[in-house]
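File shown here: structure_21.cif, holding mmCIF, C-alpha atoms.
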```
data_input
#
loop_
_atom_site.group_PDB
_atom_site.id
_atom_site.type_symbol
_atom_site.label_atom_id
_atom_site.label_comp_id
_atom_site.auth_asym_id
_atom_site.auth_seq_id
_atom_site.Cartn_x
_atom_site.Cartn_y
_atom_site.Cartn_z
ATOM 1 C CA MET D 1 245.888 193.608 21.338
ATOM 2 C CA SER D 2 248.525 190.987 20.530
ATOM 3 C CA GLU D 3 250.232 188.936 23.214
ATOM 4 C CA GLN D 4 253.578 190.361 22.133
ATOM 5 C CA LEU D 5 252.304 193.916 22.600
ATOM 6 C CA ILE D 6 250.983 193.058 26.069
ATOM 7 C CA LYS D 7 254.382 191.550 26.899
ATOM 8 C CA ASP D 8 256.085 194.769 25.718
ATOM 9 C CA ILE D 9 253.728 196.935 27.779
ATOM 10 C CA LEU D 10 254.370 194.718 30.806
ATOM 11 C CA GLY D 11 258.137 195.134 30.472
ATOM 12 C CA GLU D 12 257.838 198.914 30.099
ATOM 13 C CA THR D 13 255.424 199.193 33.020
ATOM 14 C CA VAL D 14 257.611 197.165 35.376
ATOM 15 C CA ALA D 15 260.662 199.225 34.445
ATOM 16 C CA GLU D 16 258.884 202.578 34.849
ATOM 17 C CA VAL D 17 257.317 201.728 38.197
ATOM 18 C CA LEU D 18 260.574 200.379 39.660
ATOM 19 C CA GLU D 19 262.466 203.436 38.415
ATOM 20 C CA GLN D 20 259.929 206.015 39.579
ATOM 21 C CA THR D 21 259.084 204.556 42.962
ATOM 22 C CA ALA D 22 262.128 202.589 44.099
ATOM 23 C CA PHE D 23 264.853 204.400 42.137
ATOM 24 C CA VAL D 24 266.298 201.191 40.714
ATOM 25 C CA PHE D 25 266.990 200.652 37.040
ATOM 26 C CA PRO D 26 266.001 197.315 35.547
ATOM 27 C CA GLU D 27 267.717 195.913 32.484
ATOM 28 C CA PRO D 28 265.699 193.637 30.179
ATOM 29 C CA ALA D 29 267.029 190.078 30.310
ATOM 30 C CA ASP D 30 266.322 186.682 28.860
ATOM 31 C CA MET D 31 265.620 183.434 30.661
ATOM 32 C CA THR D 32 268.206 181.821 28.424
ATOM 33 C CA ASP D 33 270.954 184.157 29.676
ATOM 34 C CA GLY D 34 271.986 181.552 32.202
ATOM 35 C CA VAL D 35 270.725 183.211 35.389
ATOM 36 C CA ALA D 36 270.649 180.492 38.058
ATOM 37 C CA LEU D 37 267.271 181.253 39.606
ATOM 38 C CA GLU D 38 267.615 178.247 41.907
ATOM 39 C CA ASP D 39 270.448 180.082 43.675
ATOM 40 C CA TYR D 40 268.081 182.730 44.985
ATOM 41 C CA GLU D 41 265.667 182.659 47.875
ATOM 42 C CA MET D 42 262.638 184.238 46.249
ATOM 43 C CA ILE D 43 259.100 185.251 47.020
ATOM 44 C CA THR D 44 256.063 185.182 44.764
ATOM 45 C CA VAL D 45 253.648 188.102 45.090
ATOM 46 C CA LYS D 46 250.255 187.703 43.436
ATOM 47 C CA ILE D 47 247.208 189.865 42.752
ATOM 48 C CA VAL D 48 244.045 188.448 41.191
ATOM 49 C CA PHE D 49 241.837 190.834 39.229
ATOM 50 C CA SER D 50 238.282 190.634 37.934
ATOM 51 C CA GLY D 51 235.937 192.977 36.127
ATOM 52 C CA ASP D 52 236.068 193.746 32.406
ATOM 53 C CA THR D 53 238.566 190.905 32.184
ATOM 54 C CA ALA D 54 239.739 188.443 34.825
ATOM 55 C CA GLY D 55 243.244 187.191 35.411
ATOM 56 C CA PHE D 56 246.225 187.624 37.668
ATOM 57 C CA ILE D 57 249.527 189.392 37.863
ATOM 58 C CA MET D 58 252.439 187.887 39.715
ATOM 59 C CA MET D 59 255.963 188.978 40.541
ATOM 60 C CA LEU D 60 258.880 186.741 41.493
ATOM 61 C CA LEU D 61 261.771 188.495 43.177
ATOM 62 C CA PRO D 62 264.609 187.670 45.568
ATOM 63 C CA THR D 63 263.942 188.181 49.277
ATOM 64 C CA GLU D 64 267.149 190.182 49.539
ATOM 65 C CA PHE D 65 265.905 192.591 46.887
ATOM 66 C CA CYS D 66 262.728 193.213 48.916
ATOM 67 C CA GLY D 67 264.889 194.695 51.665
ATOM 68 C CA GLU D 68 266.510 197.011 49.155
ATOM 69 C CA LEU D 69 263.101 198.020 47.822
ATOM 70 C CA ALA D 70 261.928 198.897 51.329
ATOM 71 C CA ALA D 71 265.017 200.979 52.042
ATOM 72 C CA ASN D 72 264.618 202.844 48.760
ATOM 73 C CA LEU D 73 260.902 203.443 49.195
ATOM 74 C CA LEU D 74 261.352 204.701 52.726
ATOM 75 C CA GLY D 75 264.542 206.579 51.939
ATOM 76 C CA GLU D 76 266.320 205.051 54.901
ATOM 77 C CA ASP D 77 267.545 201.739 56.263
ATOM 78 C CA VAL D 78 264.809 199.647 57.827
ATOM 79 C CA ASP D 79 265.033 198.438 61.435
ATOM 80 C CA GLU D 80 266.034 194.787 61.581
ATOM 81 C CA ALA D 81 262.881 193.926 63.536
ATOM 82 C CA ASP D 82 260.679 195.359 60.778
ATOM 83 C CA ALA D 83 262.816 194.331 57.810
ATOM 84 C CA VAL D 84 260.874 191.272 56.661
ATOM 85 C CA GLU D 85 257.453 192.919 56.964
ATOM 86 C CA ALA D 86 258.701 196.100 55.300
ATOM 87 C CA GLY D 87 260.285 194.113 52.471
ATOM 88 C CA TYR D 88 257.138 192.129 51.788
ATOM 89 C CA ASP D 89 254.956 195.263 52.051
ATOM 90 C CA SER D 90 257.201 197.016 49.560
ATOM 91 C CA ALA D 91 257.031 194.134 47.091
ATOM 92 C CA LYS D 92 253.243 194.050 47.449
ATOM 93 C CA GLU D 93 253.028 197.791 46.877
ATOM 94 C CA MET D 94 255.217 197.568 43.787
ATOM 95 C CA LEU D 95 252.981 194.908 42.300
ATOM 96 C CA ASN D 96 249.857 196.853 43.251
ATOM 97 C CA ILE D 97 251.100 199.885 41.342
ATOM 98 C CA ILE D 98 252.217 197.764 38.382
ATOM 99 C CA ALA D 99 248.808 196.063 38.269
ATOM 100 C CA GLY D 100 246.948 199.394 38.301
ATOM 101 C CA GLN D 101 249.133 200.861 35.573
ATOM 102 C CA MET D 102 249.084 197.711 33.471
ATOM 103 C CA LEU D 103 245.304 197.339 33.454
ATOM 104 C CA THR D 104 244.787 200.964 32.427
ATOM 105 C CA ARG D 105 247.414 200.761 29.690
ATOM 106 C CA VAL D 106 245.959 197.584 28.220
ATOM 107 C CA TYR D 107 242.221 198.200 28.690
ATOM 108 C CA GLY D 108 241.911 202.002 28.940
ATOM 109 C CA ASP D 109 240.541 204.177 31.728
ATOM 110 C CA LYS D 110 236.883 203.310 31.165
ATOM 111 C CA ALA D 111 237.403 199.688 32.207
ATOM 112 C CA VAL D 112 236.669 198.796 35.826
ATOM 113 C CA PHE D 113 238.565 196.136 37.747
ATOM 114 C CA ASN D 114 238.555 194.756 41.257
ATOM 115 C CA LEU D 115 241.945 193.762 42.596
ATOM 116 C CA SER D 116 242.519 191.293 45.410
ATOM 117 C CA ALA D 117 244.841 192.134 48.264
ATOM 118 C CA PRO D 118 248.371 191.037 47.289
ATOM 119 C CA THR D 119 249.512 187.705 48.714
ATOM 120 C CA VAL D 120 253.073 186.528 49.313
ATOM 121 C CA GLU D 121 254.397 182.974 49.081
ATOM 122 C CA LYS D 122 257.969 181.949 49.790
ATOM 123 C CA ASN D 123 260.048 179.680 47.575
ATOM 124 C CA GLU D 124 257.321 178.686 45.131
ATOM 125 C CA HIS D 125 259.137 180.294 42.247
ATOM 126 C CA GLN D 126 260.542 177.125 40.679
ATOM 127 C CA GLU D 127 257.061 175.732 40.233
ATOM 128 C CA VAL D 128 255.804 179.019 38.777
ATOM 129 C CA ILE D 129 258.761 179.306 36.405
ATOM 130 C CA ARG D 130 257.952 175.891 34.944
ATOM 131 C CA THR D 131 254.547 177.225 33.845
ATOM 132 C CA LEU D 132 255.893 180.258 31.974
ATOM 133 C CA THR D 133 254.950 180.607 28.327
ATOM 134 C CA GLY D 134 256.646 182.775 25.739
ATOM 135 C CA ASP D 135 254.436 185.844 25.851
ATOM 136 C CA ASN D 136 252.971 186.227 29.296
ATOM 137 C CA TYR D 137 255.956 187.370 31.314
ATOM 138 C CA SER D 138 258.667 189.983 31.562
ATOM 139 C CA PHE D 139 262.152 189.186 32.839
ATOM 140 C CA CYS D 140 264.622 191.815 33.956
ATOM 141 C CA MET D 141 267.698 192.141 36.117
ATOM 142 C CA VAL D 142 267.913 194.850 38.770
ATOM 143 C CA ASP D 143 271.592 194.988 39.655
ATOM 144 C CA ASP D 144 272.208 191.296 40.348
ATOM 145 C CA TYR D 145 268.623 190.471 41.197
ATOM 146 C CA PRO D 146 266.347 188.665 38.740
ATOM 147 C CA VAL D 147 262.753 189.946 38.650
ATOM 148 C CA ILE D 148 260.043 188.078 36.756
ATOM 149 C CA THR D 149 256.566 189.552 36.276
ATOM 150 C CA ILE D 150 253.728 187.443 34.863
ATOM 151 C CA PHE D 151 250.457 188.799 33.452
ATOM 152 C CA THR D 152 247.857 186.160 32.699
ATOM 153 C CA LEU D 153 244.365 186.785 31.356
ATOM 154 C CA GLY D 154 241.243 184.778 31.950
ATOM 155 C CA GLU D 155 237.642 185.238 30.921
ATOM 156 C CA LYS D 156 235.532 188.372 30.819
ATOM 157 C CA VAL D 157 233.237 188.506 33.853
ATOM 158 C CA SER D 158 230.110 190.373 34.825
ATOM 159 C CA HIS D 159 230.153 193.865 36.360
ATOM 160 C CA GLU D 160 227.425 192.810 38.766
ATOM 161 C CA HIS D 161 228.244 192.631 42.466
ATOM 162 C CA GLN D 162 231.397 194.641 42.037
ATOM 163 C CA SER D 163 232.671 196.713 44.894
ATOM 164 C CA ILE D 164 235.226 199.449 44.791
ATOM 165 C CA GLY D 165 238.624 197.965 45.274
ATOM 166 C CA SER D 166 242.352 198.557 45.248
ATOM 167 C CA MET I 1 248.233 227.830 59.551
ATOM 168 C CA ALA I 2 249.513 224.317 60.191
ATOM 169 C CA TYR I 3 247.332 221.329 59.376
ATOM 170 C CA ASN I 4 246.705 217.981 61.042
ATOM 171 C CA VAL I 5 246.616 215.089 58.586
ATOM 172 C CA LEU I 6 245.259 211.555 59.039
ATOM 173 C CA ILE I 7 246.745 208.796 56.858
ATOM 174 C CA VAL I 8 244.632 205.641 56.481
ATOM 175 C CA ASP I 9 246.248 202.527 54.994
ATOM 176 C CA ASP I 10 246.495 198.942 56.212
ATOM 177 C CA SER I 11 250.204 198.783 55.393
ATOM 178 C CA LYS I 12 252.519 200.266 58.006
ATOM 179 C CA THR I 13 255.202 200.601 55.346
ATOM 180 C CA ILE I 14 252.935 202.513 52.959
ATOM 181 C CA ARG I 15 251.890 204.857 55.760
ATOM 182 C CA ALA I 16 255.564 205.471 56.483
ATOM 183 C CA ILE I 17 256.189 206.246 52.803
ATOM 184 C CA ILE I 18 253.308 208.746 52.737
ATOM 185 C CA VAL I 19 254.539 210.383 55.968
ATOM 186 C CA LYS I 20 257.993 210.658 54.452
ATOM 187 C CA THR I 21 256.546 212.128 51.243
ATOM 188 C CA LEU I 22 254.471 214.695 53.142
ATOM 189 C CA LYS I 23 257.577 215.839 54.991
ATOM 190 C CA LEU I 24 259.277 216.411 51.645
ATOM 191 C CA THR I 25 256.528 218.773 50.493
ATOM 192 C CA GLU I 26 256.423 222.451 51.455
ATOM 193 C CA LEU I 27 253.117 221.940 53.219
ATOM 194 C CA ASP I 28 252.766 223.420 56.682
ATOM 195 C CA ILE I 29 251.884 220.279 58.604
ATOM 196 C CA ASN I 30 251.423 220.147 62.352
ATOM 197 C CA ASP I 31 250.608 216.560 63.396
ATOM 198 C CA ILE I 32 250.328 213.434 61.268
ATOM 199 C CA TYR I 33 248.100 210.648 62.601
ATOM 200 C CA GLU I 34 247.893 207.104 61.242
ATOM 201 C CA ALA I 35 245.108 204.511 61.064
ATOM 202 C CA GLY I 36 245.200 200.953 59.726
ATOM 203 C CA ASN I 37 241.593 200.873 58.465
ATOM 204 C CA GLY I 38 238.417 202.923 58.271
ATOM 205 C CA ARG I 39 237.274 201.970 61.769
ATOM 206 C CA GLU I 40 240.517 203.172 63.333
ATOM 207 C CA ALA I 41 240.256 206.321 61.245
ATOM 208 C CA LEU I 42 236.767 207.091 62.586
ATOM 209 C CA ASP I 43 238.044 206.567 66.151
ATOM 210 C CA CYS I 44 240.874 208.994 65.470
ATOM 211 C CA LEU I 45 238.492 211.515 63.912
ATOM 212 C CA GLN I 46 236.363 211.418 67.086
ATOM 213 C CA ASP I 47 239.396 212.116 69.287
ATOM 214 C CA LYS I 48 241.572 214.511 67.292
ATOM 215 C CA TRP I 49 241.180 217.657 65.274
ATOM 216 C CA ILE I 50 241.880 216.556 61.699
ATOM 217 C CA ASP I 51 242.046 218.940 58.737
ATOM 218 C CA LEU I 52 242.608 216.399 55.981
ATOM 219 C CA VAL I 53 242.209 212.636 55.461
ATOM 220 C CA LEU I 54 244.388 210.708 52.999
ATOM 221 C CA THR I 55 242.991 207.225 52.546
ATOM 222 C CA ASP I 56 243.549 204.003 50.659
ATOM 223 C CA LEU I 57 240.461 202.101 49.477
ATOM 224 C CA ASN I 58 241.108 198.411 49.916
ATOM 225 C CA MET I 59 241.508 197.719 53.637
ATOM 226 C CA PRO I 60 240.282 195.063 56.066
ATOM 227 C CA VAL I 61 237.679 195.733 58.805
ATOM 228 C CA MET I 62 236.398 198.934 57.161
ATOM 229 C CA THR I 63 237.275 199.966 53.616
ATOM 230 C CA GLY I 64 238.086 203.454 52.417
ATOM 231 C CA LEU I 65 234.717 203.670 50.676
ATOM 232 C CA GLU I 66 232.902 202.741 53.908
ATOM 233 C CA LEU I 67 234.941 205.372 55.737
ATOM 234 C CA ILE I 68 233.989 208.007 53.152
ATOM 235 C CA SER I 69 230.297 207.064 53.459
ATOM 236 C CA SER I 70 230.413 207.149 57.275
ATOM 237 C CA MET I 71 232.065 210.559 57.260
ATOM 238 C CA ALA I 72 229.469 211.886 54.796
ATOM 239 C CA GLU I 73 226.662 210.839 57.161
ATOM 240 C CA ASP I 74 228.247 212.465 60.226
ATOM 241 C CA GLY I 75 227.464 216.137 60.696
ATOM 242 C CA LEU I 76 230.803 216.813 62.380
ATOM 243 C CA LEU I 77 232.943 214.926 59.888
ATOM 244 C CA LYS I 78 231.252 215.540 56.544
ATOM 245 C CA ASP I 79 233.157 218.731 55.796
ATOM 246 C CA ILE I 80 236.626 217.283 56.401
ATOM 247 C CA PRO I 81 238.236 216.920 52.974
ATOM 248 C CA VAL I 82 239.126 213.387 51.910
ATOM 249 C CA ILE I 83 241.764 212.542 49.301
ATOM 250 C CA VAL I 84 241.982 208.965 48.049
ATOM 251 C CA ILE I 85 245.449 207.599 47.244
ATOM 252 C CA SER I 86 245.210 204.459 45.162
ATOM 253 C CA THR I 87 246.645 202.521 42.234
ATOM 254 C CA ASP I 88 243.328 202.312 40.376
ATOM 255 C CA GLY I 89 243.320 204.229 37.089
ATOM 256 C CA SER I 90 239.669 203.749 36.131
ATOM 257 C CA ALA I 91 238.074 207.103 35.282
ATOM 258 C CA THR I 92 234.681 205.476 35.811
ATOM 259 C CA ARG I 93 235.578 204.509 39.363
ATOM 260 C CA ILE I 94 237.204 207.858 40.170
ATOM 261 C CA GLU I 95 234.045 209.625 38.995
ATOM 262 C CA LYS I 96 231.952 207.437 41.322
ATOM 263 C CA LEU I 97 234.253 208.254 44.227
ATOM 264 C CA LYS I 98 233.891 211.970 43.503
ATOM 265 C CA GLU I 99 230.114 211.539 43.516
ATOM 266 C CA LYS I 100 230.529 210.035 47.008
ATOM 267 C CA GLY I 101 232.211 213.239 48.123
ATOM 268 C CA ILE I 102 235.964 212.784 47.890
ATOM 269 C CA ARG I 103 237.772 215.981 47.031
ATOM 270 C CA GLU I 104 240.648 214.588 45.018
ATOM 271 C CA TYR I 105 242.188 211.362 43.836
ATOM 272 C CA ILE I 106 245.944 210.758 43.743
ATOM 273 C CA ARG I 107 247.081 207.863 41.649
ATOM 274 C CA LYS I 108 250.197 205.924 42.564
ATOM 275 C CA PRO I 109 253.017 206.312 41.851
ATOM 276 C CA PHE I 110 253.107 209.834 43.220
ATOM 277 C CA THR I 111 255.784 212.411 43.900
ATOM 278 C CA PRO I 112 256.104 214.907 46.749
ATOM 279 C CA GLU I 113 255.333 217.630 44.201
ATOM 280 C CA SER I 114 252.122 215.999 42.989
ATOM 281 C CA ILE I 115 250.883 215.347 46.532
ATOM 282 C CA GLY I 116 251.788 218.880 47.578
ATOM 283 C CA GLU I 117 249.918 220.424 44.631
ATOM 284 C CA VAL I 118 246.779 218.404 45.271
ATOM 285 C CA ILE I 119 246.726 219.131 49.009
ATOM 286 C CA ASP I 120 247.350 222.827 48.356
ATOM 287 C CA ARG I 121 244.383 222.845 46.009
ATOM 288 C CA VAL I 122 242.115 220.999 48.436
ATOM 289 C CA LEU I 123 242.980 223.080 51.463
ATOM 290 C CA GLY I 124 242.736 226.243 49.393
ATOM 291 C CA VAL I 125 246.003 227.712 50.531
ATOM 292 C CA LYS I 126 249.398 228.235 49.042
ATOM 293 C CA ASN I 127 251.958 227.576 51.731
ATOM 294 C CA GLU I 128 255.032 229.736 51.980
#
```

Output the file's structure in the form of structure tokens.
Amino acid sequence: MSEQLIKDILGETVAEVLEQTAFVFPEPADMTDGVALEDYEMITVKIVFSGDTAGFIMMLLPTEFCGELAANLLGEDVDEADAVEAGYDSAKEMLNIIAGQMLTRVYGDKAVFNLSAPTVEKNEHQEVIRTLTGDNYSFCMVDDYPVITIFTLGEKVSHEHQSIGS
Amino acid sequence: MAYNVLIVDDSKTIRAIIVKTLKLTELDINDIYEAGNGREALDCLQDKWIDLVLTDLNMPVMTGLELISSMAEDGLLKDIPVIVISTDGSATRIEKLKEKGIREYIRKPFTPESIGEVIDRVLGVKNE
């Protein structure tokens, strides 16, 4: 499968999952459109996978958007005391679903993968953005929020010692 | 007949989403209990009458798979139906889970309709 096709599948998967689960409607965008990513406080959510192929999937999104995701997923406003945790949990869940869908769409339903628990880092996005290559990421705008999803492949690894995950 | 349901997931937010989804179905649900991992789920199962367990797989302390195995070995718990809710789309893995005794597998993302249909099928009733 070509890198361009994987990039297309990634863009479609991100859009479908955000639409179906959070009821938001992403528009494809380009990094050259002049979006000032440095103006946003963002988080980086990451899941590492291993199995038939190893790699990671990562999503960069504004902290403010996480709150909106949580409210949409829960169908109600989130208590202020729980807002940060709920926002991060929602972002992690989004990426978890995207990862599951993406791996099946690219490798088929016979492939077996183990996914790590999602991790969240704050304000590392500038460093991550500097490492982006042409074909391994999808960039979209959800209302005024930029969302970048990165899918990076590594080496094929052994099935031995696998446990059921995700 | 109203059913008691136990939701097992390490994310409080995800449990809240599943609770919300269950309330949007037409299922006749009495009480909904929550556990943050397999260990907490087993404690709940010892204390409460539970008709159905909805569980994630990847959790700290005790995973969903360990919970399923523990329930299968317990004479009082082995007949309680377990439905796994997960993002994993591997048919190979789902088949292995079914061999371990789970009744159904719901893949995320889900809708109230899809959850309702699966639970109806597992509990063997069509709710009015």

What does the distance between atom CA of I:Arg93 and atom CA of I:Asp56 come to in Å, to one decimal place?
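Here the two named atoms are 13.8 Å from each other.
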
Identify every residue of chain D that has at least one atom within 6 Å of any atom of chain I, counting all atoms listed in the file, and report the result as a PyMOL selection string.
chain D and resi 74+86+97+100+104+109-110+112+165-166

Any chance you could resolve the PyMOL selection byres ((chain D and resi 145-152) around 6) against this file and give the residues as a ChimeraX atom specification?
/D:55-61,136-144,153

Please provide the set of residues having any atom within 8 Å of D:Met102, restricted to only C-alpha atoms, with same-chain residues fewer than 4 positions apart removed, written as number ranges by chain.
D: 9-10, 13, 98, 106

Taking the file as shown, find all residues satisfying the PyMOL selection byres ((chain D and resi 126) around 10) and write them as a compact mmCIF listing (two decimals) with C-alpha atoms, in the frame of the given file.
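In the end it all went to selection-v9.txt:
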```
# COMPACT_ATOMS: atom_id res chain seq x y z
CA LEU D 37 267.27 181.25 39.61
CA GLU D 38 267.62 178.25 41.91
CA MET D 42 262.64 184.24 46.25
CA LEU D 60 258.88 186.74 41.49
CA ASN D 123 260.05 179.68 47.58
CA GLU D 124 257.32 178.69 45.13
CA HIS D 125 259.14 180.29 42.25
CA GLU D 127 257.06 175.73 40.23
CA VAL D 128 255.80 179.02 38.78
CA ILE D 129 258.76 179.31 36.40
CA ARG D 130 257.95 175.89 34.94
CA THR D 131 254.55 177.22 33.84
```

Can you work out the spacing between atom CA of D:Thr133 and atom CA of D:Thr63 in Å, to one decimal?
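If I compute the distance from atom CA of D:Thr133 to atom CA of D:Thr63, I get 24.0 Å.
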
Can you pull out every residue within 8 Å of I:Ala35, counting all atoms listed in the file, but drop anything in the same chain fewer than 5 positions away, and send it as a PDB file with C-alpha atoms, in the frame of the given file?
```pdb
ATOM      1  CA  LEU I   6     245.259 211.555  59.039  1.00  0.00           C
ATOM      2  CA  ILE I   7     246.745 208.796  56.858  1.00  0.00           C
ATOM      3  CA  VAL I   8     244.632 205.641  56.481  1.00  0.00           C
ATOM      4  CA  ASP I   9     246.248 202.527  54.994  1.00  0.00           C
ATOM      5  CA  ASP I  10     246.495 198.942  56.212  1.00  0.00           C
ATOM      6  CA  GLU I  40     240.517 203.172  63.333  1.00  0.00           C
ATOM      7  CA  ALA I  41     240.256 206.321  61.245  1.00  0.00           C
ATOM      8  CA  CYS I  44     240.874 208.994  65.470  1.00  0.00           C
TER       9      CYS I  44
END
```

Tell me which residues the PyMOL selection byres ((chain I and resi 118) around 12) grabs here, as a PyMOL selection string.
chain I and resi 22+25+27+52+54+81-85+103-107+110-117+119-126

Could you take the residues named above and write them with C-alpha atoms, as a compact mmCIF listing (two decimals), keeping the file's coordinate frame?
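So the final result, stored in out_22.txt, reads:
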```txt
# COMPACT_ATOMS: atom_id res chain seq x y z
CA LEU I 22 254.47 214.70 53.14
CA THR I 25 256.53 218.77 50.49
CA LEU I 27 253.12 221.94 53.22
CA LEU I 52 242.61 216.40 55.98
CA LEU I 54 244.39 210.71 53.00
CA PRO I 81 238.24 216.92 52.97
CA VAL I 82 239.13 213.39 51.91
CA ILE I 83 241.76 212.54 49.30
CA VAL I 84 241.98 208.96 48.05
CA ILE I 85 245.45 207.60 47.24
CA ARG I 103 237.77 215.98 47.03
CA GLU I 104 240.65 214.59 45.02
CA TYR I 105 242.19 211.36 43.84
CA ILE I 106 245.94 210.76 43.74
CA ARG I 107 247.08 207.86 41.65
CA PHE I 110 253.11 209.83 43.22
CA THR I 111 255.78 212.41 43.90
CA PRO I 112 256.10 214.91 46.75
CA GLU I 113 255.33 217.63 44.20
CA SER I 114 252.12 216.00 42.99
CA ILE I 115 250.88 215.35 46.53
CA GLY I 116 251.79 218.88 47.58
CA GLU I 117 249.92 220.42 44.63
CA ILE I 119 246.73 219.13 49.01
CA ASP I 120 247.35 222.83 48.36
CA ARG I 121 244.38 222.84 46.01
CA VAL I 122 242.12 221.00 48.44
CA LEU I 123 242.98 223.08 51.46
CA GLY I 124 242.74 226.24 49.39
CA VAL I 125 246.00 227.71 50.53
CA LYS I 126 249.40 228.24 49.04
```

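Every protein or nucleic acid residue with an atom no more than 8 Å from D:Ser50, counting only C-alpha atoms and leaving out same-chain residues fewer than 2 positions away, appears here: Val48, Asp52, Thr53, Ala54, Gly55, Phe113, Asn114, Leu115, Lys156 and Val157 of chain D.
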
In Å, how far is it from atom CA of I:Asp31 to atom CA of I:Asn4?
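One can read the atom CA of I:Asp31 to atom CA of I:Asn4 distance as 4.8 Å.
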
Distance query D:Ala22 at most 8 Å, only C-alpha atoms, self and fewer than 5 positions along chain excluded, as a PyMOL selection string
chain D and resi 17+69+72-73

Would you mind exporting C-alpha atoms of the selected residues as a PDB file, in the coordinates of the input?
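Okay, out39.pdb is ready:
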```pdb
ATOM      1  CA  VAL D  17     257.317 201.728  38.197  1.00  0.00           C
ATOM      2  CA  LEU D  69     263.101 198.020  47.822  1.00  0.00           C
ATOM      3  CA  ASN D  72     264.618 202.844  48.760  1.00  0.00           C
ATOM      4  CA  LEU D  73     260.902 203.443  49.195  1.00  0.00           C
TER       5      LEU D  73
END
```

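Using all atoms listed in the file, the contacts of I:Trp49 at a cut-off of 12 Å, with sequence neighbours closer than 5 positions omitted, comprise Ala2, Tyr3, Asn4, Val5, Leu6, Asn30, Asp31, Ile32, Tyr33, Leu42, Asp43, Cys44, Leu76, Leu77 and Ile80 of chain I.
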